[in-house]
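Asker: Below is one structure. I have some questions about it.
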Amino acid sequence: MGTAVGAAVAGVVVNRILTARRRNLWPMSTVTQDGRRPRWHVVTVNRPPEEVAPGGRLPEPLAKLGDQVEVQVNRAVGDRGTALAARLRHEPTGVVGTAARVAGTDPRQQVRLALRESKMLLETGEILQPDKPGTVKHTITGKPLDLAISRARGEGRL
Amino acid sequence: MRALCWEGVNELAVEEVPDPQLQNKQDMIIKVKLSATCGSDLHLVDGYIPAMRAGDVIGHEFLGEVVETGPEVRKHRVGDRVVVCSVIACGRCWFCEQGLFSCCDNGNTNPGIPEMMWGQSPAGIFGYSHAMGGFKGSHAEYVRVPYADRGAFTVPDGVDDATALFASDAAPTGYMGADLGEVKAGDVVAVWGAGGVGQMAAQSAMLKGAARVIVIDRFDYRLDMAAHHLGVETLNYEETDIDGELRERSDGRGPDVCIEAVGMEAHTPNPVAYRWEQLKQQTRVLELDRPHALRQAIMVCRKGGMVYVLGVFAGWIDKFPMGALMNKGLTMRSAQQHGERYIPMLLERMSRGEFKTAHLMTHPMPLSEGARGYDLFKHKKDGCVRAVFYPDGDGRVTRG
C-alpha cells in the first residue's frame, strides 16, 4: 500500500514537472501564446506620445539598444499617456537563456532597464540612483541577495 | 557618520558608515534631528521582511534640518526644518497623480525584486529592505532624500519637533486608514492595535465624525494612553470577548469600519492558535504572516462594511476568511501610506492644535542607545510606545 501511494505521488510529481516544463519553468513567460515571437515589454509613460518620441526620436536609453529591438509608441489605453513597448528581435532561450539571466548578460534585462530608465527620464527628468556606496558589508549568506540586487533594475515581470 | 544598522535577526548595532552623498539633482541631505522606531521595523528586526543585508541602516520616520540641496531642489533651502515622508515617490507618474504615492512607479531602485514577490513594484521606503529600494534609513546622523521637493515638508514655526516628527509616517498612515476606509459621521469604528499608527487612525476617525471609536490591544498602558490623550473607548482582548463587545457597542450590527493596525506578527489569547501560527511562520513557506487581528476584523465587521489594513504584511497568510468577506459584502482596502497626500494638511492641523502626536514619543534617547531603544520598544518594557533617537550630544528636542 505504502509503495503504491509512494509511486502515485512520484507520478504526480513527475507529471507536474513535465507539465511545468512545457509551460516554461520560469514563472514569467517571455514568449507569446503561440510560442513563436518574443513578448512585448511595455511601460506606460505619463506623458503624451509627442513628448515620448518627438519627431520619431526615441528616448536615449531605448535608442542605445539600436537594431536589437523593435519599438512601438502608442497612445496608452484609457488615454493614460503613452504605451512604450519594446521587444528583442532574437531572444536567448532554454539553458542558454537561463545561464545568460544568471550571468547578467540576458538582453531582456537590458530591455527592461531601458524601458524603466526611459520612463523615469520622461516623467521626472532624471534616473533615480540608489544610495552609493550601498551596504558595505558583504557576507557569505548575503551573496544571493547581492546577486538579486545587482540584477534588480533589469529583472522582474516587466 | 554613526548609524543604527541591522546586522541579522534580532541583531542591531550602532556603527560607522559612509556619509550619504547627493546622487540626483532632485536630492537633498538632511541632518537628522529625530528618528522614531516604528512597529513595522520589528518585522525587519525579527527577520520576516526578506531582502535585508547585514549593515543596512534602518529607520524611516524622521525630522531634521536641510544641510545640502541638489541643483533642481526648488522648495527647500539649507537650514529649513523639514519632516520627510517615509515613502519615496516621484510625484509625477500616473499613480502619484492619483494620490497613490506608495504605488509610485519611479521611487524604487530595485523594481525587479518586488515584481517577483508581488507582481508589481511599489514605491521606495527609507530603511526598509532592498525590496523597497535599499535606501539607507534615518537612524543616522544624515540621510539622503530623493525627490526632495515631493517628499520633504517644511515644518510650520508653531509646531514643535516631537509633534511634527510623526507627520512623517504614523500620522499620515493612520489618517489614510480613516480616509480611505471611508469613515463617515455616525460610524462605529474599531481599530486593532494601540501603537502609534493605531492611535493615529483612531484620532483620525474621530476627526471624521465617527460616533464611537474603539481601540483594541493587549497592553493596558497603551490603551490607557489612547483613552487619556484621544478620548477613545478601549478593549483589552486578553480580558474580554472582542466579538461580543463590538456587537454590543454597535447595537448588534458590528463596526462599520474596521482598521487593522497590527500586521504580520499579530498575537492571540489562544495559546495553541498562537504557537501553531508562529510555527508555520517560522518555516517561511507555510505562511509568512500571522493574521489573527485581520481575521477577527473581517469576522466582526458589519455586513457591507469596510476593513482597512494598515499593518504591514509581506507574504501570504493561511485561513483567510474569504467566505465572510464575500458573503457579508465587505470591502477590504490596504496600502503603504500615501503620505504626500496628507502631510501638508496634518501639519496644518498640528499647527492649530487639532492633531495630537507628541505623546507617542515616550522614550527619547541618543542614537548610541539605538539597540536598547528597540529592546524597550519590541518587548513593551517601561511603558514604551515609541523610542525616538537623536544624534549623540544633541538633546535639543522641542516639545509643546
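Residues in the C-alpha cells are named by chain (A, B, ... in the order shown) and by number from 1 within that chain; ligands are numbered from 1 in the order shown.
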Env of range 49-63 of chain B: 8 Å cut, atoms = only C-alpha atoms, seq-sep filter 6 positions within chain, self excluded. Answer as JSON, numbers by chain.
Answerer: {"A": [135, 136, 137, 138, 139, 142, 145], "B": [3, 4, 5, 6, 7, 8, 32, 33, 34, 35, 36, 37, 38, 41, 43, 81, 82, 83, 84, 85, 86, 125, 126, 127, 128, 129, 130, 131, 136, 137, 138, 139, 140, 161, 164, 165, 166, 168, 169, 170, 314]}
Asker: Using only C-alpha atoms, which chain B residues lie at most 7 Å away from chain A, written as an MDAnalysis selection string?
Answerer: chainID B and resid 23:24 51 53:56 90 92:94 106 109:113 115:116 119 135:136
Asker: Restricted to N, CA and C atoms, what would the selected residues look like written as a PDB file, in the first residue's frame?
Answerer:
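Saved file part03.pdb follows:
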```pdb
ATOM      1  N   GLN B  23      22.984  62.058  -5.057  1.00  0.00           N
ATOM      2  CA  GLN B  23      23.130  61.162  -6.219  1.00  0.00           C
ATOM      3  C   GLN B  23      22.328  61.663  -7.412  1.00  0.00           C
ATOM      4  N   ASN B  24      21.340  62.489  -7.135  1.00  0.00           N
ATOM      5  CA  ASN B  24      20.487  63.034  -8.188  1.00  0.00           C
ATOM      6  C   ASN B  24      20.307  64.530  -7.967  1.00  0.00           C
ATOM      7  N   ALA B  51      15.117  40.331   1.970  1.00  0.00           N
ATOM      8  CA  ALA B  51      15.960  41.304   1.278  1.00  0.00           C
ATOM      9  C   ALA B  51      16.612  42.312   2.212  1.00  0.00           C
ATOM     10  N   ARG B  53      20.224  43.128   4.223  1.00  0.00           N
ATOM     11  CA  ARG B  53      21.645  42.774   4.241  1.00  0.00           C
ATOM     12  C   ARG B  53      22.281  43.278   5.516  1.00  0.00           C
ATOM     13  N   ALA B  54      23.214  42.513   6.050  1.00  0.00           N
ATOM     14  CA  ALA B  54      23.947  42.966   7.235  1.00  0.00           C
ATOM     15  C   ALA B  54      24.580  44.324   6.925  1.00  0.00           C
ATOM     16  N   GLY B  55      24.382  45.266   7.825  1.00  0.00           N
ATOM     17  CA  GLY B  55      24.937  46.603   7.616  1.00  0.00           C
ATOM     18  C   GLY B  55      23.930  47.605   7.078  1.00  0.00           C
ATOM     19  N   ASP B  56      22.702  47.159   6.795  1.00  0.00           N
ATOM     20  CA  ASP B  56      21.675  48.098   6.302  1.00  0.00           C
ATOM     21  C   ASP B  56      21.253  49.051   7.423  1.00  0.00           C
ATOM     22  N   CYS B  90       7.861  59.833  -6.764  1.00  0.00           N
ATOM     23  CA  CYS B  90       8.310  60.864  -7.705  1.00  0.00           C
ATOM     24  C   CYS B  90       7.333  62.034  -7.798  1.00  0.00           C
ATOM     25  N   ARG B  92       5.058  62.379 -10.054  1.00  0.00           N
ATOM     26  CA  ARG B  92       4.719  62.743 -11.423  1.00  0.00           C
ATOM     27  C   ARG B  92       4.244  61.576 -12.295  1.00  0.00           C
ATOM     28  N   CYS B  93       4.343  60.356 -11.788  1.00  0.00           N
ATOM     29  CA  CYS B  93       3.824  59.224 -12.556  1.00  0.00           C
ATOM     30  C   CYS B  93       2.299  59.180 -12.395  1.00  0.00           C
ATOM     31  N   TRP B  94       1.651  58.290 -13.118  1.00  0.00           N
ATOM     32  CA  TRP B  94       0.182  58.212 -13.073  1.00  0.00           C
ATOM     33  C   TRP B  94      -0.306  57.912 -11.656  1.00  0.00           C
ATOM     34  N   ASN B 106       8.287  55.130  -9.953  1.00  0.00           N
ATOM     35  CA  ASN B 106       9.694  55.515 -10.122  1.00  0.00           C
ATOM     36  C   ASN B 106      10.521  55.570  -8.849  1.00  0.00           C
ATOM     37  N   THR B 109      14.400  51.691  -6.589  1.00  0.00           N
ATOM     38  CA  THR B 109      15.536  51.428  -7.487  1.00  0.00           C
ATOM     39  C   THR B 109      15.792  49.933  -7.694  1.00  0.00           C
ATOM     40  N   ASN B 110      15.041  49.095  -7.018  1.00  0.00           N
ATOM     41  CA  ASN B 110      15.181  47.640  -7.217  1.00  0.00           C
ATOM     42  C   ASN B 110      13.856  47.014  -7.650  1.00  0.00           C
ATOM     43  N   PRO B 111      13.237  47.486  -8.718  1.00  0.00           N
ATOM     44  CA  PRO B 111      11.868  47.031  -9.020  1.00  0.00           C
ATOM     45  C   PRO B 111      11.758  45.540  -9.303  1.00  0.00           C
ATOM     46  N   GLY B 112      12.843  44.928  -9.743  1.00  0.00           N
ATOM     47  CA  GLY B 112      12.771  43.505 -10.083  1.00  0.00           C
ATOM     48  C   GLY B 112      12.456  42.622  -8.887  1.00  0.00           C
ATOM     49  N   ILE B 113      12.897  43.036  -7.698  1.00  0.00           N
ATOM     50  CA  ILE B 113      12.680  42.185  -6.512  1.00  0.00           C
ATOM     51  C   ILE B 113      11.200  42.163  -6.119  1.00  0.00           C
ATOM     52  N   GLU B 115       8.677  42.952  -7.927  1.00  0.00           N
ATOM     53  CA  GLU B 115       7.866  42.420  -9.030  1.00  0.00           C
ATOM     54  C   GLU B 115       7.803  40.898  -8.960  1.00  0.00           C
ATOM     55  N   MET B 116       8.907  40.274  -8.586  1.00  0.00           N
ATOM     56  CA  MET B 116       8.901  38.823  -8.463  1.00  0.00           C
ATOM     57  C   MET B 116       8.112  38.380  -7.233  1.00  0.00           C
ATOM     58  N   GLY B 119       4.258  40.871  -7.924  1.00  0.00           N
ATOM     59  CA  GLY B 119       3.681  41.125  -9.250  1.00  0.00           C
ATOM     60  C   GLY B 119       3.964  42.513  -9.792  1.00  0.00           C
ATOM     61  N   PHE B 135      17.186  51.950   0.144  1.00  0.00           N
ATOM     62  CA  PHE B 135      17.618  53.280   0.593  1.00  0.00           C
ATOM     63  C   PHE B 135      18.024  53.223   2.065  1.00  0.00           C
ATOM     64  N   LYS B 136      19.073  53.974   2.396  1.00  0.00           N
ATOM     65  CA  LYS B 136      19.525  53.973   3.780  1.00  0.00           C
ATOM     66  C   LYS B 136      18.503  54.687   4.665  1.00  0.00           C
TER      67      LYS B 136
END
```
Asker: Hey, what's within 10 Å of Leu65 in chain A if we count only C-alpha atoms and toss same-chain stuff fewer than 5 positions away? As number ranges by chain, please?
Answerer: A: 60, 70, 88, 107, 110-111, 114
Asker: Create the file for the chosen residues now, containing N, CA and C atoms and written as a PDB file, in the first residue's frame.
Answerer:
```
ATOM      1  N   GLU A  60      16.697  58.233 -25.039  1.00  0.00           N
ATOM      2  CA  GLU A  60      18.081  57.767 -25.193  1.00  0.00           C
ATOM      3  C   GLU A  60      18.339  56.328 -24.712  1.00  0.00           C
ATOM      4  N   GLU A  70      12.662  45.900 -31.536  1.00  0.00           N
ATOM      5  CA  GLU A  70      11.589  46.617 -32.221  1.00  0.00           C
ATOM      6  C   GLU A  70      10.921  47.483 -31.171  1.00  0.00           C
ATOM      7  N   LEU A  88      12.771  42.187 -28.211  1.00  0.00           N
ATOM      8  CA  LEU A  88      14.004  41.783 -28.880  1.00  0.00           C
ATOM      9  C   LEU A  88      13.688  41.090 -30.204  1.00  0.00           C
ATOM     10  N   PRO A 107      19.817  39.770 -22.758  1.00  0.00           N
ATOM     11  CA  PRO A 107      19.419  41.052 -23.368  1.00  0.00           C
ATOM     12  C   PRO A 107      18.055  41.542 -22.895  1.00  0.00           C
ATOM     13  N   GLN A 110      18.462  44.174 -20.396  1.00  0.00           N
ATOM     14  CA  GLN A 110      18.765  45.487 -20.973  1.00  0.00           C
ATOM     15  C   GLN A 110      17.499  46.182 -21.466  1.00  0.00           C
ATOM     16  N   VAL A 111      16.570  45.375 -21.991  1.00  0.00           N
ATOM     17  CA  VAL A 111      15.312  45.963 -22.488  1.00  0.00           C
ATOM     18  C   VAL A 111      14.506  46.534 -21.318  1.00  0.00           C
ATOM     19  N   ALA A 114      16.157  49.646 -20.013  1.00  0.00           N
ATOM     20  CA  ALA A 114      15.992  50.790 -20.926  1.00  0.00           C
ATOM     21  C   ALA A 114      14.581  51.363 -20.831  1.00  0.00           C
TER      22      ALA A 114
END
```
Asker: Using backbone DSSP assignments, extract all helix (DSSP H, G or I) residues from range 18-182 of chain B; output them as an NGL selection string.
Answerer: :B and (41-45 or 94-97 or 101-103 or 112-118 or 130-132 or 148-151 or 161-167 or 170-180)
Asker: Next, the residues of the selection above should be written as a short mmCIF file (atom, residue, chain, number, x, y, z; two decimals), in the first residue's frame with N, CA and C atoms.
Answerer:
```cif
data_model
loop_
_atom_site.label_atom_id
_atom_site.label_comp_id
_atom_site.auth_asym_id
_atom_site.auth_seq_id
_atom_site.Cartn_x
_atom_site.Cartn_y
_atom_site.Cartn_z
N ASP B 41 9.22 48.26 11.83
CA ASP B 41 10.64 47.92 11.93
C ASP B 41 10.84 46.57 12.61
N LEU B 42 9.91 46.22 13.50
CA LEU B 42 10.08 44.97 14.24
C LEU B 42 10.03 43.77 13.29
N HIS B 43 9.33 43.90 12.17
CA HIS B 43 9.31 42.80 11.20
C HIS B 43 10.69 42.64 10.55
N LEU B 44 11.41 43.75 10.40
CA LEU B 44 12.79 43.66 9.90
C LEU B 44 13.68 43.02 10.96
N VAL B 45 13.55 43.54 12.18
CA VAL B 45 14.38 43.05 13.28
C VAL B 45 14.16 41.55 13.48
N TRP B 94 1.65 58.29 -13.12
CA TRP B 94 0.18 58.21 -13.07
C TRP B 94 -0.31 57.91 -11.66
N PHE B 95 0.38 57.01 -10.96
CA PHE B 95 -0.05 56.63 -9.62
C PHE B 95 0.04 57.81 -8.65
N CYS B 96 1.14 58.54 -8.72
CA CYS B 96 1.27 59.72 -7.86
C CYS B 96 0.18 60.74 -8.17
N GLU B 97 -0.12 60.91 -9.46
CA GLU B 97 -1.16 61.88 -9.82
C GLU B 97 -2.53 61.47 -9.29
N PHE B 101 0.60 57.53 -3.75
CA PHE B 101 2.04 57.77 -3.74
C PHE B 101 2.86 56.52 -3.40
N SER B 102 2.33 55.65 -2.54
CA SER B 102 3.12 54.46 -2.20
C SER B 102 3.10 53.43 -3.32
N CYS B 103 2.36 53.71 -4.39
CA CYS B 103 2.39 52.85 -5.57
C CYS B 103 3.23 53.48 -6.69
N GLY B 112 12.84 44.93 -9.74
CA GLY B 112 12.77 43.51 -10.08
C GLY B 112 12.46 42.62 -8.89
N ILE B 113 12.90 43.04 -7.70
CA ILE B 113 12.68 42.19 -6.51
C ILE B 113 11.20 42.16 -6.12
N PRO B 114 10.56 43.31 -5.88
CA PRO B 114 9.13 43.24 -5.55
C PRO B 114 8.26 42.73 -6.69
N GLU B 115 8.68 42.95 -7.93
CA GLU B 115 7.87 42.42 -9.03
C GLU B 115 7.80 40.90 -8.96
N MET B 116 8.91 40.27 -8.59
CA MET B 116 8.90 38.82 -8.46
C MET B 116 8.11 38.38 -7.23
N MET B 117 8.11 39.20 -6.16
CA MET B 117 7.39 38.82 -4.93
C MET B 117 5.90 39.11 -5.02
N TRP B 118 5.56 40.27 -5.59
CA TRP B 118 4.18 40.76 -5.50
C TRP B 118 3.54 41.06 -6.86
N HIS B 130 15.90 45.90 0.74
CA HIS B 130 16.25 46.11 -0.66
C HIS B 130 15.06 45.85 -1.58
N ALA B 131 14.01 45.22 -1.05
CA ALA B 131 12.79 45.09 -1.84
C ALA B 131 12.11 46.45 -2.00
N MET B 132 12.36 47.35 -1.08
CA MET B 132 11.77 48.68 -1.15
C MET B 132 12.82 49.71 -1.58
N ALA B 148 13.29 65.42 -3.32
CA ALA B 148 13.13 66.19 -2.07
C ALA B 148 11.95 67.15 -2.11
N ASP B 149 11.69 67.74 -3.28
CA ASP B 149 10.57 68.68 -3.34
C ASP B 149 9.23 67.99 -3.15
N ARG B 150 9.20 66.70 -3.40
CA ARG B 150 7.94 65.94 -3.29
C ARG B 150 7.76 65.32 -1.91
N GLY B 151 8.85 64.87 -1.30
CA GLY B 151 8.72 64.08 -0.08
C GLY B 151 9.07 64.79 1.21
N ASP B 161 9.13 69.87 17.48
CA ASP B 161 9.74 68.71 16.82
C ASP B 161 9.00 67.41 17.13
N ALA B 162 8.67 67.22 18.42
CA ALA B 162 8.07 65.94 18.83
C ALA B 162 6.70 65.73 18.18
N THR B 163 6.01 66.82 17.90
CA THR B 163 4.72 66.71 17.22
C THR B 163 4.92 66.45 15.73
N ALA B 164 5.77 67.28 15.11
CA ALA B 164 5.96 67.19 13.65
C ALA B 164 6.57 65.86 13.23
N LEU B 165 7.41 65.28 14.07
CA LEU B 165 8.09 64.02 13.72
C LEU B 165 7.11 62.98 13.19
N PHE B 166 5.95 62.87 13.83
CA PHE B 166 5.03 61.79 13.48
C PHE B 166 4.19 62.11 12.24
N ALA B 167 4.40 63.31 11.67
CA ALA B 167 3.80 63.61 10.37
C ALA B 167 4.56 62.87 9.27
N ALA B 170 3.54 57.84 11.10
CA ALA B 170 2.41 57.33 11.90
C ALA B 170 1.12 58.11 11.65
N ALA B 171 1.22 59.44 11.63
CA ALA B 171 0.01 60.25 11.48
C ALA B 171 -0.62 60.09 10.10
N PRO B 172 0.15 60.23 9.00
CA PRO B 172 -0.50 60.04 7.69
C PRO B 172 -0.96 58.61 7.45
N THR B 173 -0.23 57.63 8.01
CA THR B 173 -0.69 56.25 7.84
C THR B 173 -2.04 56.07 8.53
N GLY B 174 -2.12 56.53 9.76
CA GLY B 174 -3.39 56.41 10.48
C GLY B 174 -4.50 57.18 9.79
N TYR B 175 -4.17 58.39 9.32
CA TYR B 175 -5.20 59.20 8.67
C TYR B 175 -5.72 58.51 7.41
N MET B 176 -4.79 57.89 6.69
CA MET B 176 -5.19 57.18 5.46
C MET B 176 -6.20 56.08 5.78
N GLY B 177 -6.00 55.38 6.91
CA GLY B 177 -6.93 54.32 7.28
C GLY B 177 -8.34 54.83 7.44
N ALA B 178 -8.48 56.01 8.06
CA ALA B 178 -9.81 56.58 8.26
C ALA B 178 -10.35 57.17 6.96
N ASP B 179 -9.46 57.79 6.18
CA ASP B 179 -9.89 58.46 4.95
C ASP B 179 -10.28 57.45 3.87
N LEU B 180 -9.36 56.54 3.54
CA LEU B 180 -9.67 55.56 2.50
C LEU B 180 -10.57 54.44 3.04
#
```
Asker: Just the number, please: distance in Å from CA of Glu238 in chain B to CA of Gln336 in chain B, one decimal.
Answerer: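 Atom-to-atom, CA of Glu238 in chain B to CA of Gln336 in chain B, that is 28.4 Å.
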Asker: Mind checking which residues fall within 10 Å of Arg89 in chain A, counting only C-alpha atoms, ignoring those fewer than 5 positions away in the same chain, and posting them as a list in words?
Answerer: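 Neighbouring residues, sequence-local ones excluded: Arg37, Pro38, Asp67, Gln68, Val69 and Glu70 of chain A.
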Asker: Find the residues near range 64-77 of chain B: any atom within 6 Å, counting only C-alpha atoms, skip ones fewer than 6 places away on the same chain, and give them as a list in words.
Answerer: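 Counting only the stated atoms, we get Lys25, Gln26, Asp27, Met28, Ile29, Ile30, Lys31, Val32, Lys33 and Asp149 of chain B.
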Asker: Output N, CA and C atoms for every residue in that selection, as an mmCIF file, in the first residue's frame.
Answerer:
```cif
data_model
loop_
_atom_site.group_PDB
_atom_site.id
_atom_site.type_symbol
_atom_site.label_atom_id
_atom_site.label_comp_id
_atom_site.auth_asym_id
_atom_site.auth_seq_id
_atom_site.Cartn_x
_atom_site.Cartn_y
_atom_site.Cartn_z
ATOM 1 N N LYS B 25 19.916 65.225 -9.034
ATOM 2 C CA LYS B 25 19.765 66.681 -8.927
ATOM 3 C C LYS B 25 18.596 67.075 -8.035
ATOM 4 N N GLN B 26 17.656 66.157 -7.841
ATOM 5 C CA GLN B 26 16.478 66.475 -7.018
ATOM 6 C C GLN B 26 16.633 65.980 -5.572
ATOM 7 N N ASP B 27 17.837 65.545 -5.214
ATOM 8 C CA ASP B 27 18.117 65.051 -3.849
ATOM 9 C C ASP B 27 18.431 66.191 -2.894
ATOM 10 N N MET B 28 18.246 65.924 -1.618
ATOM 11 C CA MET B 28 18.918 66.760 -0.627
ATOM 12 C C MET B 28 19.389 65.891 0.534
ATOM 13 N N ILE B 29 20.277 66.466 1.337
ATOM 14 C CA ILE B 29 20.801 65.761 2.509
ATOM 15 C C ILE B 29 20.230 66.436 3.751
ATOM 16 N N ILE B 30 19.747 65.603 4.653
ATOM 17 C CA ILE B 30 19.149 66.086 5.902
ATOM 18 C C ILE B 30 20.046 65.695 7.064
ATOM 19 N N LYS B 31 20.256 66.621 7.963
ATOM 20 C CA LYS B 31 20.869 66.286 9.256
ATOM 21 C C LYS B 31 19.713 65.873 10.159
ATOM 22 N N VAL B 32 19.728 64.608 10.549
ATOM 23 C CA VAL B 32 18.585 64.067 11.287
ATOM 24 C C VAL B 32 18.569 64.642 12.699
ATOM 25 N N LYS B 33 17.391 65.102 13.087
ATOM 26 C CA LYS B 33 17.227 65.619 14.445
ATOM 27 C C LYS B 33 16.500 64.597 15.312
ATOM 28 N N ASP B 149 11.692 67.738 -3.282
ATOM 29 C CA ASP B 149 10.567 68.683 -3.342
ATOM 30 C C ASP B 149 9.226 67.986 -3.150
#
```
Asker: Quick one, how far is CA of Glu50 in chain A from CA of Ala86 in chain A?
Answerer: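 So the answer is 17.5 Å.
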Asker: Can you pull out the residues contacting Val257 in chain B? Cut-off 6 Å, using only C-alpha atoms, and skip same-chain residues under 5 positions away; I want them as a PyMOL selection string.
Answerer: chain B and resi 189+305-307
Asker: So that I can check the surroundings of range 193-195 of chain B, please list as a VMD selection string every protein, DNA and RNA residue that reaches within 9 Å of it, counting only C-alpha atoms and ignoring chain neighbours fewer than 4 positions away.
Answerer: chain B and resid 38 to 39 199 to 200 202 215 to 219 222 to 223 225 to 226 234 259 to 262 293 311 360 385 to 386
Asker: DSSP on the backbone: what in range 22-143 of chain A comes out strand (DSSP E or B), as a PyMOL selection string?
Answerer: chain A and resi 31+38+41-45+69-75+82-88
